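Quick look at run-v4.txt (compact mmCIF, C-alpha atoms and all ligand atoms):
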```
# COMPACT_ATOMS: atom_id res chain seq x y z
CA MET A 1482 24.38 28.46 2.98
CA ALA A 1483 22.53 28.63 -0.31
CA GLN A 1484 21.76 25.23 -1.72
CA SER A 1485 21.47 24.34 -5.38
CA SER A 1486 18.29 22.65 -6.61
CA LEU A 1487 20.29 19.51 -7.20
CA ASP A 1488 21.55 19.50 -3.63
CA LYS A 1489 18.01 19.99 -2.33
CA LEU A 1490 16.78 17.28 -4.62
CA ARG A 1491 19.32 14.86 -3.19
CA ILE A 1492 18.21 15.61 0.35
CA LEU A 1493 14.48 15.76 -0.26
CA ALA A 1494 14.18 12.78 -2.58
CA ASP A 1495 16.18 10.72 -0.09
CA ALA A 1496 13.97 11.89 2.78
CA ALA A 1497 10.85 10.87 0.86
CA LYS A 1498 11.89 7.27 0.35
CA TYR A 1499 10.50 6.24 3.73
CA ASP A 1500 6.97 6.86 2.53
CA ALA A 1501 5.59 3.73 0.92
CA SER A 1502 2.21 5.12 -0.05
CA CYS A 1503 3.28 6.31 -3.47
CA ALA A 1504 1.80 3.89 -5.97
CA SER A 1505 -0.62 5.35 -8.40
CA SER A 1506 -2.70 2.55 -9.79
CA GLY A 1507 -6.21 3.74 -10.49
CA ALA A 1508 -5.30 7.05 -12.11
CA GLU A 1509 -7.81 8.33 -14.62
CA LYS A 1510 -6.89 8.41 -18.26
CA ARG A 1511 -6.18 12.03 -19.05
CA ILE A 1512 -4.60 13.74 -22.03
CA ALA A 1513 -3.43 17.33 -21.97
CA LYS A 1514 -5.42 19.94 -23.90
CA PRO A 1515 -3.66 21.84 -26.73
CA GLY A 1516 -1.02 24.04 -25.14
CA GLY A 1517 -0.93 21.82 -22.02
CA ILE A 1518 1.55 19.14 -21.18
CA GLY A 1519 1.52 15.52 -20.01
CA SER A 1520 -0.85 12.62 -19.92
CA THR A 1521 -1.56 9.62 -17.77
CA THR A 1522 -2.26 6.17 -19.08
CA GLY A 1523 -5.26 4.15 -17.95
CA SER A 1524 -3.13 2.01 -15.70
CA GLY A 1525 -1.56 5.03 -13.98
CA ILE A 1526 1.97 6.20 -13.54
CA CYS A 1527 4.83 3.75 -14.02
CA HIS A 1528 6.56 2.71 -10.83
CA SER A 1529 10.14 2.10 -10.06
CA TYR A 1530 11.44 0.09 -7.14
CA THR A 1531 14.26 0.92 -4.79
CA PRO A 1532 16.79 -1.84 -4.11
CA ASP A 1533 14.94 -2.79 -0.92
CA GLY A 1534 11.78 -3.40 -2.89
CA ARG A 1535 9.79 -0.29 -2.08
CA CYS A 1536 7.66 1.22 -4.75
CA VAL A 1537 8.78 4.68 -5.81
CA SER A 1538 7.24 6.99 -8.35
CA LEU A 1539 9.93 8.73 -10.23
CA LEU A 1540 9.64 12.20 -8.81
CA LYS A 1541 8.93 11.43 -5.20
CA ILE A 1542 10.04 14.27 -3.01
CA LEU A 1543 9.34 16.24 0.11
CA LEU A 1544 8.63 19.93 -0.13
CA THR A 1545 10.81 20.16 2.96
CA ASN A 1546 12.29 17.86 5.56
CA TYR A 1547 12.13 20.52 8.28
CA CYS A 1548 9.41 19.50 10.70
CA LEU A 1549 7.86 20.96 13.83
CA PHE A 1550 6.86 17.50 15.02
CA ASP A 1551 9.05 14.94 16.69
CA CYS A 1552 7.64 11.54 15.76
CA ALA A 1553 10.13 9.03 17.16
CA TYR A 1554 10.12 6.73 14.09
CA CYS A 1555 10.79 9.52 11.58
CA ILE A 1556 14.16 10.55 10.21
CA ASN A 1557 12.83 14.08 9.64
CA ARG A 1558 11.62 14.68 13.19
CA ARG A 1559 12.71 18.01 14.64
CA SER A 1560 15.28 16.46 16.96
CA SER A 1561 16.94 14.52 14.15
CA ASN A 1562 20.39 15.55 13.12
CA VAL A 1563 19.93 15.40 9.34
CA ARG A 1564 20.72 17.89 6.61
CA ARG A 1565 17.67 20.02 5.94
CA ALA A 1566 16.42 21.62 2.78
CA ARG A 1567 13.30 23.26 1.49
CA PHE A 1568 11.91 23.75 -1.98
CA SER A 1569 9.77 26.71 -2.95
CA VAL A 1570 6.51 26.05 -4.75
CA ASP A 1571 8.05 27.24 -8.03
CA GLU A 1572 11.09 25.00 -7.62
CA VAL A 1573 8.91 21.89 -7.30
CA VAL A 1574 6.83 22.99 -10.29
CA ASP A 1575 9.94 23.60 -12.41
CA LEU A 1576 11.54 20.32 -11.39
CA THR A 1577 8.38 18.36 -12.18
CA LEU A 1578 8.02 19.95 -15.60
CA GLY A 1579 11.73 19.58 -16.32
CA PHE A 1580 11.75 15.88 -15.47
CA TYR A 1581 8.51 15.35 -17.29
CA LYS A 1582 9.73 16.96 -20.49
CA ARG A 1583 12.84 14.81 -20.37
CA ASN A 1584 10.59 11.80 -20.03
CA TYR A 1585 11.98 10.79 -16.64
CA ILE A 1586 8.67 10.78 -14.82
CA GLU A 1587 4.96 10.48 -15.36
CA GLY A 1588 3.97 12.49 -12.35
CA LEU A 1589 4.71 13.81 -8.92
CA PHE A 1590 4.41 12.39 -5.42
CA LEU A 1591 4.71 15.25 -2.97
CA SER A 1592 4.86 15.01 0.78
CA SER A 1593 6.30 17.34 3.40
CA GLY A 1594 7.43 17.85 6.94
CA ILE A 1595 5.22 20.27 8.82
CA ILE A 1596 6.55 23.82 8.75
CA ARG A 1597 5.03 26.87 10.45
CA SER A 1598 1.64 25.19 10.71
CA PRO A 1599 -0.34 22.36 9.15
CA ASP A 1600 -2.38 24.93 7.17
CA TYR A 1601 0.67 26.68 5.79
CA THR A 1602 2.25 23.38 4.76
CA MET A 1603 -0.91 22.07 3.12
CA GLU A 1604 -1.35 25.34 1.29
CA GLN A 1605 2.16 25.15 -0.16
CA MET A 1606 1.55 21.63 -1.43
CA MET A 1607 -1.84 22.55 -2.83
CA LEU A 1608 -0.23 25.51 -4.64
CA VAL A 1609 2.26 23.20 -6.34
CA ALA A 1610 -0.57 21.07 -7.71
CA ARG A 1611 -2.66 24.11 -8.64
CA LYS A 1612 0.21 25.76 -10.51
CA LEU A 1613 1.02 22.59 -12.38
CA ARG A 1614 -2.57 22.08 -13.44
CA ARG A 1615 -3.77 25.63 -13.98
CA ASP A 1616 -0.69 27.53 -15.12
CA HIS A 1617 1.01 24.75 -17.05
CA GLY A 1618 -1.88 22.52 -18.08
CA PHE A 1619 -0.02 19.58 -16.55
CA ALA A 1620 -2.07 16.44 -17.00
CA GLY A 1621 0.40 13.99 -15.43
CA TYR A 1622 -0.28 12.15 -12.21
CA ILE A 1623 -0.19 14.03 -8.90
CA HIS A 1624 -0.28 12.37 -5.50
CA LEU A 1625 -0.35 14.75 -2.54
CA LYS A 1626 0.12 13.85 1.08
CA ALA A 1627 -2.62 15.43 3.15
CA ILE A 1628 -1.69 17.04 6.44
CA PRO A 1629 -4.40 15.82 8.82
CA GLU A 1630 -4.54 18.92 11.00
CA ALA A 1631 -4.94 21.26 7.99
CA SER A 1632 -8.24 23.04 7.51
CA PRO A 1633 -10.99 21.15 5.67
CA TRP A 1634 -11.05 23.89 3.03
CA LEU A 1635 -7.38 23.36 2.17
CA LEU A 1636 -7.79 19.60 1.99
CA GLU A 1637 -10.72 20.11 -0.36
CA GLN A 1638 -8.75 22.47 -2.55
CA ALA A 1639 -5.88 19.98 -2.75
CA GLY A 1640 -8.24 17.21 -3.83
CA LEU A 1641 -9.38 19.33 -6.78
CA PHE A 1642 -5.91 19.19 -8.32
CA ALA A 1643 -4.51 15.87 -7.11
CA ASP A 1644 -5.21 12.42 -8.55
CA ARG A 1645 -4.66 10.73 -5.24
CA MET A 1646 -4.52 11.99 -1.68
CA SER A 1647 -3.13 10.08 1.24
CA VAL A 1648 -3.33 10.65 4.95
CA ASN A 1649 -0.83 8.44 6.70
CA ILE A 1650 -2.17 6.64 9.74
CA GLU A 1651 1.43 5.55 10.56
CA LEU A 1652 0.62 3.26 13.48
CA ALA A 1653 -2.26 0.84 13.86
CA SER A 1654 -2.78 1.50 17.54
CA ASP A 1655 -3.76 4.78 19.19
CA VAL A 1656 -1.70 3.90 22.24
CA SER A 1657 1.45 3.55 20.11
CA LEU A 1658 0.68 6.76 18.25
CA LYS A 1659 0.45 8.60 21.57
CA ARG A 1660 3.73 7.09 22.72
CA LEU A 1661 5.76 7.51 19.52
CA ALA A 1662 4.12 10.51 17.86
CA PRO A 1663 2.59 12.47 20.74
CA GLU A 1664 1.95 15.57 18.62
CA LYS A 1665 -0.21 13.63 16.20
CA ASP A 1666 -3.85 13.15 16.91
CA SER A 1667 -5.58 10.00 15.71
CA ARG A 1668 -8.92 11.85 15.64
CA SER A 1669 -7.57 14.42 13.14
CA ILE A 1670 -6.25 11.58 10.98
CA SER A 1671 -9.64 9.84 10.97
CA SER A 1672 -11.46 13.07 10.36
CA ALA A 1673 -9.25 13.96 7.36
CA MET A 1674 -9.80 10.46 5.94
CA GLY A 1675 -13.55 10.77 6.50
CA GLN A 1676 -13.64 14.14 4.81
CA MET A 1677 -11.69 12.84 1.80
CA SER A 1678 -13.91 9.82 1.51
CA GLU A 1679 -17.08 11.95 1.50
CA ARG A 1680 -15.74 14.44 -1.05
CA ILE A 1681 -14.56 11.61 -3.33
CA ALA A 1682 -17.97 9.89 -3.16
CA GLU A 1683 -19.82 13.18 -3.79
CA ALA A 1684 -17.62 14.02 -6.76
CA ARG A 1685 -18.21 10.56 -8.27
CA GLU A 1686 -21.94 11.02 -7.99
CA GLU A 1687 -21.77 14.47 -9.50
CA ARG A 1688 -19.35 13.25 -12.19
CA ARG A 1689 -16.67 15.79 -11.42
CA SER A 1690 -13.02 15.36 -10.58
CA PHE A 1691 -11.87 15.18 -6.98
CA ALA A 1692 -8.91 12.92 -6.16
CA PRO A 1693 -10.16 10.52 -8.87
CA ALA A 1694 -7.59 7.85 -7.96
CA GLY A 1695 -8.95 7.81 -4.40
CA GLN A 1696 -7.06 7.90 -1.13
CA SER A 1697 -4.47 5.65 0.41
CA THR A 1698 -2.52 5.43 3.63
CA GLN A 1699 0.62 3.95 5.08
CA MET A 1700 1.17 1.96 8.25
CA ILE A 1701 4.59 1.34 9.71
CA VAL A 1702 4.98 -2.19 11.07
CA GLY A 1703 7.55 -3.35 13.54
CA ALA A 1704 8.08 0.01 15.30
CA ASP A 1705 5.85 -1.14 18.14
CA GLU A 1706 4.49 -4.44 19.41
CA THR A 1707 1.21 -4.29 17.47
CA THR A 1708 0.43 -7.70 16.01
CA ASP A 1709 -0.29 -8.42 12.35
CA GLU A 1710 -3.85 -9.25 13.33
CA ALA A 1711 -4.31 -5.78 14.87
CA VAL A 1712 -2.71 -4.17 11.80
CA LEU A 1713 -5.09 -6.05 9.50
CA ARG A 1714 -8.05 -5.20 11.68
CA THR A 1715 -7.21 -1.52 11.33
CA SER A 1716 -6.88 -1.96 7.55
CA ALA A 1717 -10.24 -3.71 7.31
CA THR A 1718 -11.84 -0.80 9.17
CA LEU A 1719 -10.14 1.73 6.91
CA TYR A 1720 -11.32 -0.09 3.77
CA SER A 1721 -14.89 -0.33 4.95
CA GLU A 1722 -15.27 3.06 6.68
CA TYR A 1723 -13.29 5.30 4.36
CA ARG A 1724 -13.26 3.24 1.15
CA LEU A 1725 -9.48 3.53 0.94
CA LYS A 1726 -7.93 2.36 -2.31
CA ARG A 1727 -4.85 0.92 -0.66
CA VAL A 1728 -3.17 0.51 2.68
CA TYR A 1729 0.61 0.35 2.27
CA TYR A 1730 2.69 -1.49 4.84
CA SER A 1731 6.15 -0.27 5.52
CA ALA A 1732 8.57 -2.26 7.64
CA PHE A 1733 10.10 0.06 10.21
CA SER A 1734 13.67 1.06 9.33
CA PRO A 1735 15.92 1.86 12.25
CA ILE A 1736 17.07 5.45 12.04
CA PRO A 1737 20.20 7.13 13.39
CA GLU A 1738 20.05 8.44 16.97
CA ALA A 1739 16.71 6.75 17.46
CA SER A 1740 14.54 7.00 20.53
CA PRO A 1741 15.05 4.21 23.11
CA ASN A 1742 11.34 3.49 22.64
CA LEU A 1743 12.08 2.00 19.25
CA PRO A 1744 13.41 -1.45 18.41
CA VAL A 1745 17.04 -1.50 17.34
CA LYS A 1746 16.40 -3.97 14.53
CA ALA A 1747 14.11 -3.74 11.55
CA PRO A 1748 11.42 -6.44 11.37
CA PRO A 1749 11.98 -9.00 8.62
CA LEU A 1750 10.94 -7.56 5.24
CA ARG A 1751 9.06 -10.84 4.78
CA ARG A 1752 6.58 -9.51 7.36
CA GLU A 1753 5.74 -6.59 5.09
CA ASN A 1754 5.32 -9.03 2.20
CA ARG A 1755 2.98 -11.33 4.18
CA LEU A 1756 0.87 -8.33 5.19
CA TYR A 1757 0.47 -7.36 1.53
CA GLN A 1758 -0.62 -10.93 0.75
CA ALA A 1759 -3.07 -10.89 3.64
CA ASP A 1760 -4.38 -7.49 2.55
CA TRP A 1761 -5.01 -8.95 -0.89
CA LEU A 1762 -7.04 -11.79 0.67
CA LEU A 1763 -9.08 -9.22 2.59
CA ARG A 1764 -9.83 -7.09 -0.43
CA PHE A 1765 -10.31 -9.61 -3.22
CA TYR A 1766 -10.89 -13.04 -1.71
CA GLY A 1767 -13.47 -12.29 0.97
CA PHE A 1768 -11.30 -13.52 3.86
CA THR A 1769 -12.02 -12.09 7.28
CA VAL A 1770 -9.26 -10.88 9.56
CA GLU A 1771 -10.06 -13.78 11.92
CA GLU A 1772 -9.57 -16.35 9.15
CA ILE A 1773 -6.25 -14.85 8.14
CA ALA A 1774 -5.04 -14.57 11.72
CA ALA A 1775 -6.03 -18.19 12.41
CA GLY A 1776 -3.34 -19.26 9.93
CA GLY A 1777 -0.60 -17.80 12.15
CA GLU A 1778 0.22 -17.89 15.84
CA GLY A 1779 -0.44 -15.32 18.55
CA GLY A 1780 -1.77 -12.74 16.09
CA MET A 1781 1.32 -12.90 13.87
CA LEU A 1782 1.31 -14.22 10.30
CA ASP A 1783 3.36 -17.26 9.46
CA LEU A 1784 6.54 -15.96 7.84
CA ARG A 1785 7.40 -19.25 6.12
CA ILE A 1786 4.23 -19.74 4.12
CA ASP A 1787 1.72 -17.38 2.55
CA PRO A 1788 -1.46 -16.62 4.50
CA LYS A 1789 -3.75 -18.56 2.16
CA LEU A 1790 -1.77 -21.77 2.50
CA ALA A 1791 -1.47 -21.15 6.24
CA TYR A 1792 -5.26 -20.88 6.46
CA ALA A 1793 -5.82 -24.08 4.46
CA LEU A 1794 -3.36 -26.06 6.60
CA LYS A 1795 -5.09 -24.93 9.79
CA HIS A 1796 -8.55 -25.70 8.37
CA ARG A 1797 -7.99 -29.10 6.83
CA GLU A 1798 -11.56 -30.11 7.76
CA ARG A 1799 -12.77 -27.85 4.92
CA PHE A 1800 -10.61 -29.61 2.30
CA PRO A 1801 -10.32 -31.17 -0.21
CA VAL A 1802 -13.09 -29.28 -2.04
CA ASP A 1803 -14.83 -30.54 -5.13
CA VAL A 1804 -14.10 -28.30 -8.06
CA ASN A 1805 -17.36 -29.42 -9.70
CA SER A 1806 -19.66 -28.45 -6.85
CA ALA A 1807 -17.96 -26.18 -4.28
CA ASP A 1808 -19.22 -22.63 -4.03
CA ARG A 1809 -17.08 -19.67 -5.07
CA GLU A 1810 -16.24 -18.67 -1.50
CA LEU A 1811 -14.70 -22.09 -0.82
CA LEU A 1812 -12.85 -22.32 -4.13
CA LEU A 1813 -11.27 -18.94 -3.38
CA ARG A 1814 -9.76 -20.49 -0.27
CA VAL A 1815 -7.90 -23.19 -2.19
CA PRO A 1816 -4.15 -22.43 -2.23
CA GLY A 1817 -2.96 -21.97 -5.79
CA LEU A 1818 -6.35 -20.95 -7.21
CA GLY A 1819 -6.63 -17.27 -8.07
CA SER A 1820 -9.91 -15.40 -8.40
CA ARG A 1821 -9.78 -15.38 -12.19
CA ALA A 1822 -9.20 -19.13 -12.31
CA VAL A 1823 -12.13 -19.63 -9.93
CA ASP A 1824 -14.42 -17.60 -12.20
CA LYS A 1825 -13.29 -19.61 -15.22
CA ILE A 1826 -13.87 -22.87 -13.32
CA ILE A 1827 -17.39 -21.84 -12.36
CA ALA A 1828 -18.21 -20.86 -15.96
CA SER A 1829 -16.72 -24.07 -17.42
CA ARG A 1830 -18.32 -26.54 -15.01
CA ARG A 1831 -21.75 -25.47 -16.25
CA GLN A 1832 -20.90 -27.29 -19.50
CA THR A 1833 -18.97 -30.30 -18.26
CA ARG A 1834 -17.62 -32.20 -15.24
CA LEU A 1835 -14.09 -30.89 -14.90
CA ARG A 1836 -11.13 -33.24 -14.86
CA TRP A 1837 -7.66 -32.39 -13.53
CA GLU A 1838 -6.32 -31.44 -16.93
CA ASP A 1839 -9.30 -29.09 -17.49
CA VAL A 1840 -8.53 -27.28 -14.24
CA ALA A 1841 -4.82 -27.20 -15.12
CA ARG A 1842 -5.74 -25.46 -18.37
CA LEU A 1843 -7.77 -22.82 -16.49
CA SER A 1844 -5.26 -22.11 -13.73
CA GLY A 1845 -1.55 -21.43 -13.87
CA GLY A 1846 -0.57 -22.31 -10.29
CA LEU A 1847 -2.04 -25.73 -9.65
CA ARG A 1848 0.91 -27.48 -8.08
CA ARG A 1849 -0.06 -26.48 -4.55
CA ALA A 1850 -3.78 -27.07 -5.15
CA ARG A 1851 -3.29 -30.84 -5.71
CA VAL A 1852 -3.92 -31.75 -2.10
CA PHE A 1853 -6.86 -29.41 -1.66
CA LEU A 1854 -8.93 -30.10 -4.80
CA VAL A 1855 -11.13 -32.94 -5.97
CA THR A 1856 -11.87 -33.27 -9.69
CA ALA A 1857 -13.77 -35.92 -11.66
CA ASP A 1858 -10.56 -37.99 -11.93
CA HIS A 1859 -8.52 -36.85 -8.90
CA HIS A 1860 -9.27 -37.50 -5.22
CA PRO A 1861 -6.43 -36.74 -2.80
CA ALA A 1862 -8.47 -37.60 0.31
CA ARG A 1863 -5.70 -39.33 2.25
CA LEU A 1864 -3.09 -36.66 1.64
CA ILE A 1865 -4.86 -33.89 3.53
CA ASP A 1866 -4.33 -35.59 6.92
CA ARG A 1867 -0.65 -36.29 6.49
CA ALA A 1868 1.35 -35.05 9.46
CA ASP A 1869 4.15 -33.87 7.18
CA LEU A 1870 1.86 -31.96 4.78
CA ARG A 1871 3.10 -28.55 5.86
CA ASP A 1872 6.73 -29.54 5.25
CA ARG A 1873 5.87 -31.02 1.86
CA LEU A 1874 4.23 -27.75 0.80
CA THR A 1875 6.79 -25.39 2.31
CA PRO A 1876 9.62 -24.35 0.05
CA PRO A 1877 12.94 -25.56 1.50
CA ALA A 1878 15.07 -22.93 3.22
CA ARG A 1879 17.64 -21.59 0.79
CA GLN A 1880 21.21 -20.63 1.56
CA LEU A 1881 21.54 -17.03 0.39
CA ASN A 1882 24.38 -16.08 -1.82
CA LEU A 1883 26.70 -13.57 -0.15
CA PHE A 1884 25.63 -10.92 -2.64
CA GLU A 1885 21.82 -11.46 -2.49
S1 LIG B 1901 4.95 14.92 11.17
FE1 LIG B 1901 5.63 13.63 9.51
S2 LIG B 1901 7.57 14.50 8.84
FE2 LIG B 1901 7.13 15.37 10.84
S3 LIG B 1901 8.20 14.04 12.28
FE3 LIG B 1901 6.10 13.25 12.12
S4 LIG B 1901 6.18 11.69 10.51
FE4 LIG B 1901 8.05 12.94 10.33
```

Target format structure tokens, applied to this file:
Amino acid sequence: MAQSSLDKLRILADAAKYDASCASSGAEKRIAKPGGIGSTTGSGICHSYTPDGRCVSLLKILLTNYCLFDCAYCINRRSSNVRRARFSVDEVVDLTLGFYKRNYIEGLFLSSGIIRSPDYTMEQMMLVARKLRRDHGFAGYIHLKAIPEASPWLLEQAGLFADRMSVNIELASDVSLKRLAPEKDSRSISSAMGQMSERIAEAREERRSFAPAGQSTQMIVGADETTDEAVLRTSATLYSEYRLKRVYYSAFSPIPEASPNLPVKAPPLRRENRLYQADWLLRFYGFTVEEIAAGGEGGMLDLRIDPKLAYALKHRERFPVDVNSADRELLLRVPGLGSRAVDKIIASRRQTRLRWEDVARLSGGLRRARVFLVTADHHPARLIDRADLRDRLTPPARQLNLFE
């Protein structure tokens, strides 16, 4: 039965919502040449958020939700009983331009199920980006999902037209990938990431454009028994080996007619949130995976408190720290002190011995830092050993409203 574009859009935009790796921060500023269309701002495409809190760029679609593969956690797997649809290259181009001209979107996030072969699928996606850029002078943001098994040449071509490329790792452990996505090959995923990383670095050196907003990936959490510590260890490796811009964490959503190998319940969304906080500590605060994991139990992050506070409570011997003499690394471990506040503190203490009110002026979130910081006029030494400290710093459980 012939489907209208609107019908396909309903199916393929809905199918794309499971992919979290759609944010576009880091896009280059680009303005269309005369006769072209579109522009990106320095801070990248605007994002919207679905009701469950996932980040969605406004035209986030699949080229098709047909797929040759049968990954157990995926709604689009070949054995899934969902409505299928497929866009042609021209349909995606027309939709993108149409939405863009009506000011609905700032760009395109395009992913796809695998049809015919990885090469064929990657070529179709690359053609969408090439047509938009070359034939229509489209200067908006383009994020393409890379198909790991596609030929290196196609991946390279795609990177010439896309702002960001992402290769989804999906699961942190090879064993789980083999069990839940047996047709996927972790070596192809790593090799595609490695190739992207090299091309991006080369292009930067040669001052030419190749996926200028870098590459990202997504990991599903809660579909297997992998611990948060193992997830973060994989992320740390991805950041250091492939210089990934972002790892996105997506809490597993139970799907209809799921494999018995999958849990029946989604993990708490709070887990996803704690992983993002921990990821932030890894990337910007110099925490190691071991330090973060030490704040939780059995390799899992503490769901009730954020990982930085969890670390400080488990390492009370390191606190309180003196704001007037502690090094940057230690100040960054004080709950409530952000990296900008720490830099301001270090600059200010060269001029004067800081008092509590000076620090309060430099940092917005000092309430929690009270116990962990010493200033010229504040010494909370006895508080740090209190047995009830954790409870005093943990927000009380809140009865949810029926409609929250
Ligand atoms: S290859 Fe991608 S689209 Fe196909 S079943 Fe696996 S995760 Fe889903």

>> Could you list, as a VMD selection string, all residues that come within 7 Å of ligand LIG 1901 (chain B)? Count all atoms listed in the file.
In response: chain A and resid 1546 1548 to 1552 1555 to 1559 1593 to 1595 1662

> Looking at A:Arg1848, A:Arg1764, A:Arg1871, A:Arg1597, which one is nearest to A:Ala1793, with distances taken over only C-alpha atoms?
Replying inline: A:Arg1871

>> Rounded to one decimal, what separation in Å do you get between atom CA of A:Lys1726 and atom CA of A:Ser1697?
In response: 5.5 Å

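Comparing A:Leu1750, A:Ile1628, A:Ile1650, A:Leu1813 by their smallest distance to A:Phe1765, the closest is A:Leu1813 (using only C-alpha atoms).
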
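Atom CA of A:Gly1517 lies 7.4 Å from atom CA of A:Ala1620.
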
Could you list, as a tab-separated table (two decimals) with C-alpha atoms, keeping the file's coordinate frame, every residue within 12 Å of A:Ala1682, counting only C-alpha atoms and ignoring same-chain residues fewer than 6 positions away?
```
chain	number	residue	atom	x	y	z
A	1675	GLY	CA	-13.55	10.77	6.50
A	1676	GLN	CA	-13.64	14.14	4.81
A	1688	ARG	CA	-19.35	13.25	-12.19
A	1689	ARG	CA	-16.67	15.79	-11.42
A	1690	SER	CA	-13.02	15.36	-10.58
A	1691	PHE	CA	-11.87	15.18	-6.98
A	1692	ALA	CA	-8.91	12.92	-6.16
A	1693	PRO	CA	-10.16	10.52	-8.87
A	1694	ALA	CA	-7.59	7.85	-7.96
A	1695	GLY	CA	-8.95	7.81	-4.40
A	1696	GLN	CA	-7.06	7.90	-1.13
A	1723	TYR	CA	-13.29	5.30	4.36
A	1724	ARG	CA	-13.26	3.24	1.15
A	1725	LEU	CA	-9.48	3.53	0.94
```

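Straight-line separation from atom CA of A:Pro1599 to atom CA of A:Arg1645: 19.0 Å.
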
> Which residue, A:Asp1705, A:Asp1495, A:Glu1710, A:Asp1760, has the smallest gap to A:Pro1741 when you use all atoms listed in the file?
Replying inline: A:Asp1705

>> Counting only C-alpha atoms, which residue out of A:Arg1863, A:Leu1874, A:Lys1789, A:Tyr1554 sits closest to A:Pro1663?
In response: A:Tyr1554
